[in-house]
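J.: I'm passing along upload_3.cif; it holds mmCIF, C-alpha atoms.
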```cif
data_model
loop_
_atom_site.label_atom_id
_atom_site.label_comp_id
_atom_site.auth_asym_id
_atom_site.auth_seq_id
_atom_site.Cartn_x
_atom_site.Cartn_y
_atom_site.Cartn_z
CA MET O 253 45.65 -30.09 58.49
CA GLN O 254 45.70 -27.28 60.98
CA LYS O 255 43.81 -28.34 64.09
CA LYS O 256 42.79 -25.02 65.58
CA ARG O 257 41.43 -22.88 62.80
CA PRO O 258 39.76 -19.59 63.72
CA VAL O 259 35.99 -20.02 63.80
CA ASN O 260 33.56 -17.13 64.09
CA LEU O 261 30.04 -18.43 63.68
CA ASN O 262 28.41 -16.30 66.36
CA LEU O 263 26.47 -13.93 64.12
CA PHE O 264 26.04 -11.44 66.98
CA THR O 265 29.78 -10.78 67.05
CA ILE O 266 29.77 -9.76 63.39
CA ARG O 267 28.92 -6.18 62.45
CA PHE O 268 26.73 -6.43 59.39
CA PRO O 269 27.22 -4.12 56.42
CA ILE O 270 24.16 -2.12 55.36
CA THR O 271 23.72 -4.33 52.29
CA ALA O 272 23.40 -7.42 54.52
CA ILE O 273 20.84 -5.67 56.73
CA SER O 274 18.80 -4.68 53.67
CA SER O 275 19.04 -8.25 52.39
CA ILE O 276 17.86 -9.93 55.61
CA LEU O 277 15.02 -7.40 56.01
CA HIS O 278 13.93 -8.23 52.46
CA ARG O 279 13.80 -11.89 53.46
CA ILE O 280 12.05 -11.29 56.80
CA SER O 281 9.43 -9.02 55.18
CA GLY O 282 8.86 -11.71 52.54
CA VAL O 283 8.22 -14.36 55.20
CA ILE O 284 5.81 -11.98 57.00
CA LEU O 285 3.93 -11.49 53.71
CA PHE O 286 3.81 -15.26 53.15
CA PHE O 287 2.05 -15.70 56.51
CA SER O 288 -0.33 -12.81 55.80
CA ILE O 289 -1.75 -14.25 52.53
CA VAL O 290 -4.55 -16.19 54.26
CA PHE O 291 -5.52 -13.25 56.51
CA LEU O 292 -5.58 -10.82 53.59
CA LEU O 293 -7.77 -13.15 51.53
CA TYR O 294 -10.15 -13.44 54.49
CA VAL O 295 -10.34 -9.65 54.92
CA LEU O 296 -10.95 -9.24 51.17
CA GLN O 297 -13.70 -11.86 51.26
CA GLN O 298 -15.45 -10.16 54.18
CA SER O 299 -15.10 -6.72 52.57
CA LEU O 300 -16.78 -7.92 49.36
CA ALA O 301 -19.42 -10.36 50.65
CA SER O 302 -22.07 -7.81 51.73
CA ALA O 303 -22.52 -4.30 53.09
CA ASP O 304 -22.94 -5.79 56.57
CA SER O 305 -19.76 -7.86 56.46
CA PHE O 306 -17.95 -4.80 55.00
CA ALA O 307 -19.00 -2.77 58.06
CA ALA O 308 -18.12 -5.67 60.40
CA ILE O 309 -14.59 -6.12 59.04
CA GLN O 310 -14.13 -2.35 59.15
CA THR O 311 -14.97 -2.40 62.87
CA THR O 312 -12.68 -5.39 63.48
CA LEU O 313 -9.75 -3.73 61.67
CA SER O 314 -10.12 -0.53 63.72
CA GLN O 315 -9.30 -2.41 66.96
CA PRO O 316 -5.82 -1.43 68.26
CA VAL O 317 -4.30 -4.91 67.82
CA ALA O 318 -5.70 -5.30 64.28
CA ARG O 319 -4.51 -1.79 63.45
CA PHE O 320 -1.00 -2.74 64.58
CA PHE O 321 -0.99 -5.90 62.45
CA THR O 322 -2.29 -3.92 59.47
CA TRP O 323 0.62 -1.53 59.93
CA VAL O 324 3.11 -4.45 60.14
CA VAL O 325 1.74 -6.05 56.95
CA LEU O 326 1.65 -2.73 55.04
CA SER O 327 5.19 -1.97 56.25
CA ALA O 328 6.33 -5.39 55.01
CA VAL O 329 4.69 -4.68 51.62
CA ALA O 330 6.43 -1.29 51.49
CA PHE O 331 9.89 -2.55 52.41
CA HIS O 332 9.66 -5.67 50.22
CA ALA O 333 8.50 -3.61 47.22
CA ILE O 334 11.15 -0.90 47.65
CA ALA O 335 13.96 -3.45 48.16
CA GLY O 336 12.55 -5.34 45.16
CA VAL O 337 12.81 -2.26 42.96
CA ARG O 338 16.49 -2.05 43.96
CA HIS O 339 16.88 -5.63 42.70
CA LEU O 340 15.31 -4.66 39.36
CA PHE O 341 17.81 -1.78 39.07
CA MET O 342 20.67 -4.18 39.84
CA ASP O 343 19.35 -6.55 37.15
CA MET O 344 19.77 -3.66 34.70
CA GLY O 345 23.34 -3.15 35.91
CA TYR O 346 22.82 -0.16 38.24
CA GLY O 347 24.03 -0.21 41.85
CA GLU O 348 26.03 -3.40 41.64
CA GLY O 349 29.41 -2.01 42.70
CA LYS O 350 30.68 -1.88 46.27
CA ASP O 351 29.95 1.81 46.84
CA SER O 352 26.85 2.03 44.64
CA GLY O 353 25.51 -1.14 46.28
CA ARG O 354 25.91 0.44 49.73
CA LEU O 355 24.25 3.63 48.49
CA GLY O 356 21.33 1.61 47.09
CA ALA O 357 20.87 -0.25 50.37
CA TYR O 358 20.93 3.06 52.31
CA LEU O 359 18.36 4.59 49.95
CA VAL O 360 16.10 1.54 50.35
CA ILE O 361 16.23 1.72 54.14
CA ILE O 362 15.80 5.51 54.37
CA PHE O 363 12.93 5.60 51.85
CA SER O 364 11.26 2.61 53.56
CA ILE O 365 11.45 4.26 56.99
CA LEU O 366 9.75 7.37 55.56
CA VAL O 367 6.96 5.29 54.00
CA ILE O 368 6.53 3.14 57.14
CA VAL O 369 6.29 6.24 59.36
CA ALA O 370 3.77 7.78 56.95
CA LEU O 371 1.69 4.58 57.10
CA GLY O 372 1.76 4.70 60.89
CA VAL O 373 0.67 8.36 60.91
CA ARG O 374 -2.20 7.56 58.52
CA LEU O 375 -3.34 4.54 60.57
CA TRP O 376 -3.37 6.34 63.95
CA MET K 118 27.94 -31.06 40.97
CA VAL K 119 24.59 -29.47 41.70
CA LYS K 120 22.20 -31.90 43.34
CA ARG K 121 19.22 -32.51 41.08
CA VAL K 122 16.93 -33.19 44.03
CA LEU K 123 17.30 -29.59 45.21
CA SER K 124 15.42 -28.19 42.22
CA SER K 125 12.79 -30.91 41.94
CA THR K 126 10.24 -28.86 43.86
CA ALA K 127 11.26 -25.45 42.49
CA LEU K 128 8.51 -23.67 40.58
CA GLY K 129 10.31 -23.39 37.27
CA ARG K 130 12.74 -26.31 37.82
CA THR K 131 15.66 -24.05 36.87
CA GLY K 132 17.14 -20.95 38.48
CA VAL K 133 16.80 -18.86 35.31
CA SER K 134 13.11 -19.73 35.03
CA ASP K 135 12.52 -18.90 38.72
CA TRP K 136 14.45 -15.64 38.27
CA LEU K 137 12.18 -14.61 35.38
CA VAL K 138 8.95 -15.61 37.16
CA GLN K 139 10.10 -13.65 40.23
CA ARG K 140 10.64 -10.48 38.12
CA VAL K 141 7.44 -10.69 36.06
CA SER K 142 5.29 -11.42 39.14
CA ALA K 143 7.03 -8.57 41.00
CA LEU K 144 6.10 -6.10 38.25
CA ILE K 145 2.45 -7.25 38.29
CA MET K 146 2.28 -6.87 42.08
CA LEU K 147 4.01 -3.48 41.92
CA ALA K 148 1.46 -2.31 39.33
CA TYR K 149 -1.35 -3.52 41.62
CA VAL K 150 0.07 -1.73 44.68
CA VAL K 151 0.47 1.53 42.70
CA PHE K 152 -3.07 1.18 41.30
CA MET K 153 -4.60 0.53 44.74
CA LEU K 154 -2.68 3.44 46.23
CA GLY K 155 -4.04 5.66 43.46
CA PHE K 156 -7.57 4.37 44.03
CA TYR K 157 -7.24 5.02 47.77
CA LEU K 158 -5.84 8.54 47.30
CA GLY K 159 -8.45 9.31 44.63
CA HIS K 160 -11.38 8.70 46.99
CA SER K 161 -11.97 10.75 50.13
CA SER K 162 -13.94 7.84 51.62
CA ILE K 163 -14.54 4.34 50.27
CA ASP K 164 -17.93 2.80 51.05
CA PHE K 165 -19.14 -0.71 50.24
CA GLY K 166 -20.72 0.34 46.92
CA THR K 167 -17.51 1.90 45.58
CA TRP K 168 -15.39 -1.03 46.78
CA HIS K 169 -17.77 -3.70 45.45
CA GLY K 170 -18.18 -1.82 42.17
CA LEU K 171 -14.42 -1.76 41.62
CA PHE K 172 -14.07 -5.51 42.13
CA ALA K 173 -17.13 -6.38 40.03
CA SER K 174 -15.64 -5.13 36.76
CA THR K 175 -14.22 -7.70 34.34
CA TRP K 176 -10.80 -6.06 33.99
CA MET K 177 -10.44 -5.95 37.78
CA ARG K 178 -11.28 -9.67 37.98
CA VAL K 179 -8.55 -10.36 35.42
CA PHE K 180 -6.15 -8.07 37.33
CA ASN K 181 -7.03 -9.85 40.61
CA VAL K 182 -6.43 -13.34 39.18
CA LEU K 183 -3.11 -12.13 37.73
CA LEU K 184 -2.25 -10.68 41.16
CA LEU K 185 -3.12 -13.88 43.00
CA LEU K 186 -1.11 -16.05 40.57
CA SER K 187 1.80 -13.61 40.98
CA VAL K 188 1.58 -13.59 44.79
CA LEU K 189 1.45 -17.39 45.03
CA GLY K 190 4.18 -17.99 42.43
CA HIS K 191 6.43 -15.30 43.90
CA ALA K 192 5.83 -16.52 47.46
CA TRP K 193 6.52 -20.10 46.43
CA ILE K 194 9.90 -19.22 44.91
CA GLY K 195 10.79 -17.14 47.99
CA ILE K 196 9.65 -19.70 50.55
CA TRP K 197 11.32 -22.51 48.59
CA THR K 198 14.60 -20.59 48.85
CA VAL K 199 14.13 -19.91 52.57
CA LEU K 200 13.27 -23.56 53.31
CA THR K 201 16.25 -24.76 51.24
CA ASP K 202 18.52 -22.45 53.26
CA TYR K 203 17.32 -23.22 56.77
CA VAL K 204 15.59 -26.64 56.86
CA LYS K 205 18.40 -29.16 56.49
CA CYS K 206 16.35 -32.35 56.98
CA ALA K 207 15.12 -33.37 53.52
CA TYR K 208 12.02 -35.20 54.83
CA LEU K 209 10.88 -32.22 56.91
CA ARG K 210 11.62 -29.80 54.06
CA GLY K 211 9.74 -31.96 51.56
CA THR K 212 6.76 -32.30 53.90
CA LEU K 213 6.62 -28.53 54.51
CA GLN K 214 6.90 -27.86 50.78
CA ILE K 215 4.05 -30.22 49.93
CA LEU K 216 1.83 -28.73 52.67
CA ILE K 217 2.54 -25.20 51.41
CA ILE K 218 1.83 -26.18 47.79
CA LEU K 219 -1.52 -27.69 48.83
CA GLY K 220 -2.29 -24.57 50.89
CA PHE K 221 -1.43 -22.33 47.93
CA LEU K 222 -3.67 -24.33 45.58
CA ALA K 223 -6.50 -23.96 48.12
CA CYS K 224 -5.80 -20.20 48.28
CA LEU K 225 -5.94 -20.02 44.48
CA VAL K 226 -9.39 -21.64 44.32
CA TRP K 227 -10.62 -19.62 47.31
CA GLY K 228 -9.28 -16.38 45.85
CA ILE K 229 -10.92 -16.92 42.46
CA GLN K 230 -14.17 -17.62 44.32
CA ILE K 231 -13.77 -14.31 46.20
CA PHE K 232 -13.11 -12.35 43.00
CA TRP K 233 -16.31 -13.57 41.31
CA VAL K 234 -18.52 -11.57 43.65
#
```
Could you write out this file's structure as structure tokens?
T.:
Amino acid sequence: MQKKRPVNLNLFTIRFPITAISSILHRISGVILFFSIVFLLYVLQQSLASADSFAAIQTTLSQPVARFFTWVVLSAVAFHAIAGVRHLFMDMGYGEGKDSGRLGAYLVIIFSILVIVALGVRLW
Amino acid sequence: MVKRVLSSTALGRTGVSDWLVQRVSALIMLAYVVFMLGFYLGHSSIDFGTWHGLFASTWMRVFNVLLLLSVLGHAWIGIWTVLTDYVKCAYLRGTLQILIILGFLACLVWGIQIFWV
């Protein structure tokens, strides 16, 4: 067996194709959403408990830090949903080729950026 | 040969089952997001009465329980995959999986309690 085989495991030396970037962002946004489940349930509980707690949670969420986290969570929802729709299209046989797959990944990222910017504009 | 132990904590026990659950739950969540976006855009301002009134209706309670089941099932399949990819130690992975399942069951009960306002 050849002793010195070429090894390239340093991920930072690899230039990722757009499809890989879309894929890892889908995974990262999913993990963010996993961690946000408890917080979102808490916010929902406070918003529904009484008129007072509704006003209180509204005040809390308008703080700059809370506003930023709201934007992160909504952005994760947006990206995960848009990338998910691409998966549904691929399940139906669309966008599975090399070129069409790249096009799909580009569309997901461009459309997501537009939605995420719009969310930011609305929140601030 | 595929190791049996790998799928023993998967939601549907098989990849095809998980694949289907992931798609059906995704469609339910997508419908919910579109609905909420429509509700938000359809109201110039949302006060407590409007918000509470929306969640008090029976169909919304059903929709919310469907959403919560979808979120937890979908998240479980996703997190199971992530843990299987990155956590190599079987004991640690198993422990994390059990803790997350217990947390999700707690969230399910808590969520249903929230929805019956």
J.: When distances are computed from only C-alpha atoms, which of K:Phe156, K:Trp197, K:Ile229, K:Leu147 shows the smallest separation from His332 of chain O?
T.: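 Once distances to His332 of chain O are computed over only C-alpha atoms, the minimum belongs to K:Leu147.
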J.: Looking at all atoms listed in the file, which of O:Pro258, O:Gly372, O:Pro269, O:Gly282 is the one that sits closest to chain K?
T.: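 Nearest to chain K: O:Gly282.
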J.: So, with all atoms listed in the file as the atoms that count, which of K:Phe232, K:Phe152, K:Tyr203, K:Tyr208 lies closest to chain O?
T.: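 Closest to chain O, using all atoms listed in the file: K:Phe232.
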J.: Please return, as JSON, numbers by chain, all residues of chain O lying within 12 Å of chain K when only C-alpha atoms are considered.
T.: {"O": [276, 278, 279, 280, 281, 282, 283, 284, 285, 286, 287, 288, 289, 290, 291, 292, 293, 294, 295, 296, 297, 298, 299, 300, 301, 302, 303, 304, 305, 306, 307, 308, 309, 310, 326, 329, 330, 332, 333, 334, 335, 336, 337, 338, 339, 340, 341, 342, 343, 344, 371, 374]}
J.: When you count all atoms listed in the file, which of these residues is closest to Tyr157 of chain K: K:Leu225, K:Ala127, K:Leu171, K:Leu137?
T.: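 The closest residue to Tyr157 of chain K is K:Leu171.
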J.: Nearest to Leu375 of chain O among O:Phe268, O:Phe331, O:Tyr346, O:Phe321, with distances taken over all atoms listed in the file: which residue is it?
T.: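 Going through O:Phe268, O:Phe331, O:Tyr346, O:Phe321 one by one, the smallest distance to Leu375 of chain O is for O:Phe321.
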J.: Applying 10 Å and all atoms listed in the file, which residues near Ile194 of chain K remain after dropping the ones on its own chain fewer than 6 positions away? List them as a list in words.
T.: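 Listed by chain and then number, they are Thr126, Ala127, Leu128, Gly129, Gly132, Asp135, Trp136, Val138 and Gln139 of chain K.
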J.: Identify which of the residues K:Thr175, K:Ser162, K:Ser125, K:Thr131 lies closest to Gly211 of chain K, counting only C-alpha atoms when measuring atom-to-atom distances.
T.: K:Ser125
J.: Report, in Å to a single decimal, how far apart atom CA of Ser161 of chain K and atom CA of Ile361 of chain O are.
T.: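 Atom CA of Ile361 of chain O sits 29.9 Å away from atom CA of Ser161 of chain K.
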J.: Would you mind reading off the distance between atom CA of Ala272 of chain O and atom CA of Val133 of chain K, one decimal, in Å?
T.: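 Taking atom CA of Ala272 of chain O and atom CA of Val133 of chain K, their separation equals 23.3 Å.
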J.: Could you state the separation of atom CA of Val367 of chain O and atom CA of Val324 of chain O in Å, given to one decimal place?
T.: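 So the answer is 12.1 Å.
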J.: Can you report as JSON the centre and edge lengths in Å, to one decimal, of an axis-aligned box around the listed atoms of segment 167-185 of chain K padded with 8 Å on each side?
T.:
```
{"center_x": -10.2, "center_y": -6.0, "center_z": 40.4, "size_x": 31.9, "size_y": 31.8, "size_z": 28.8}
```
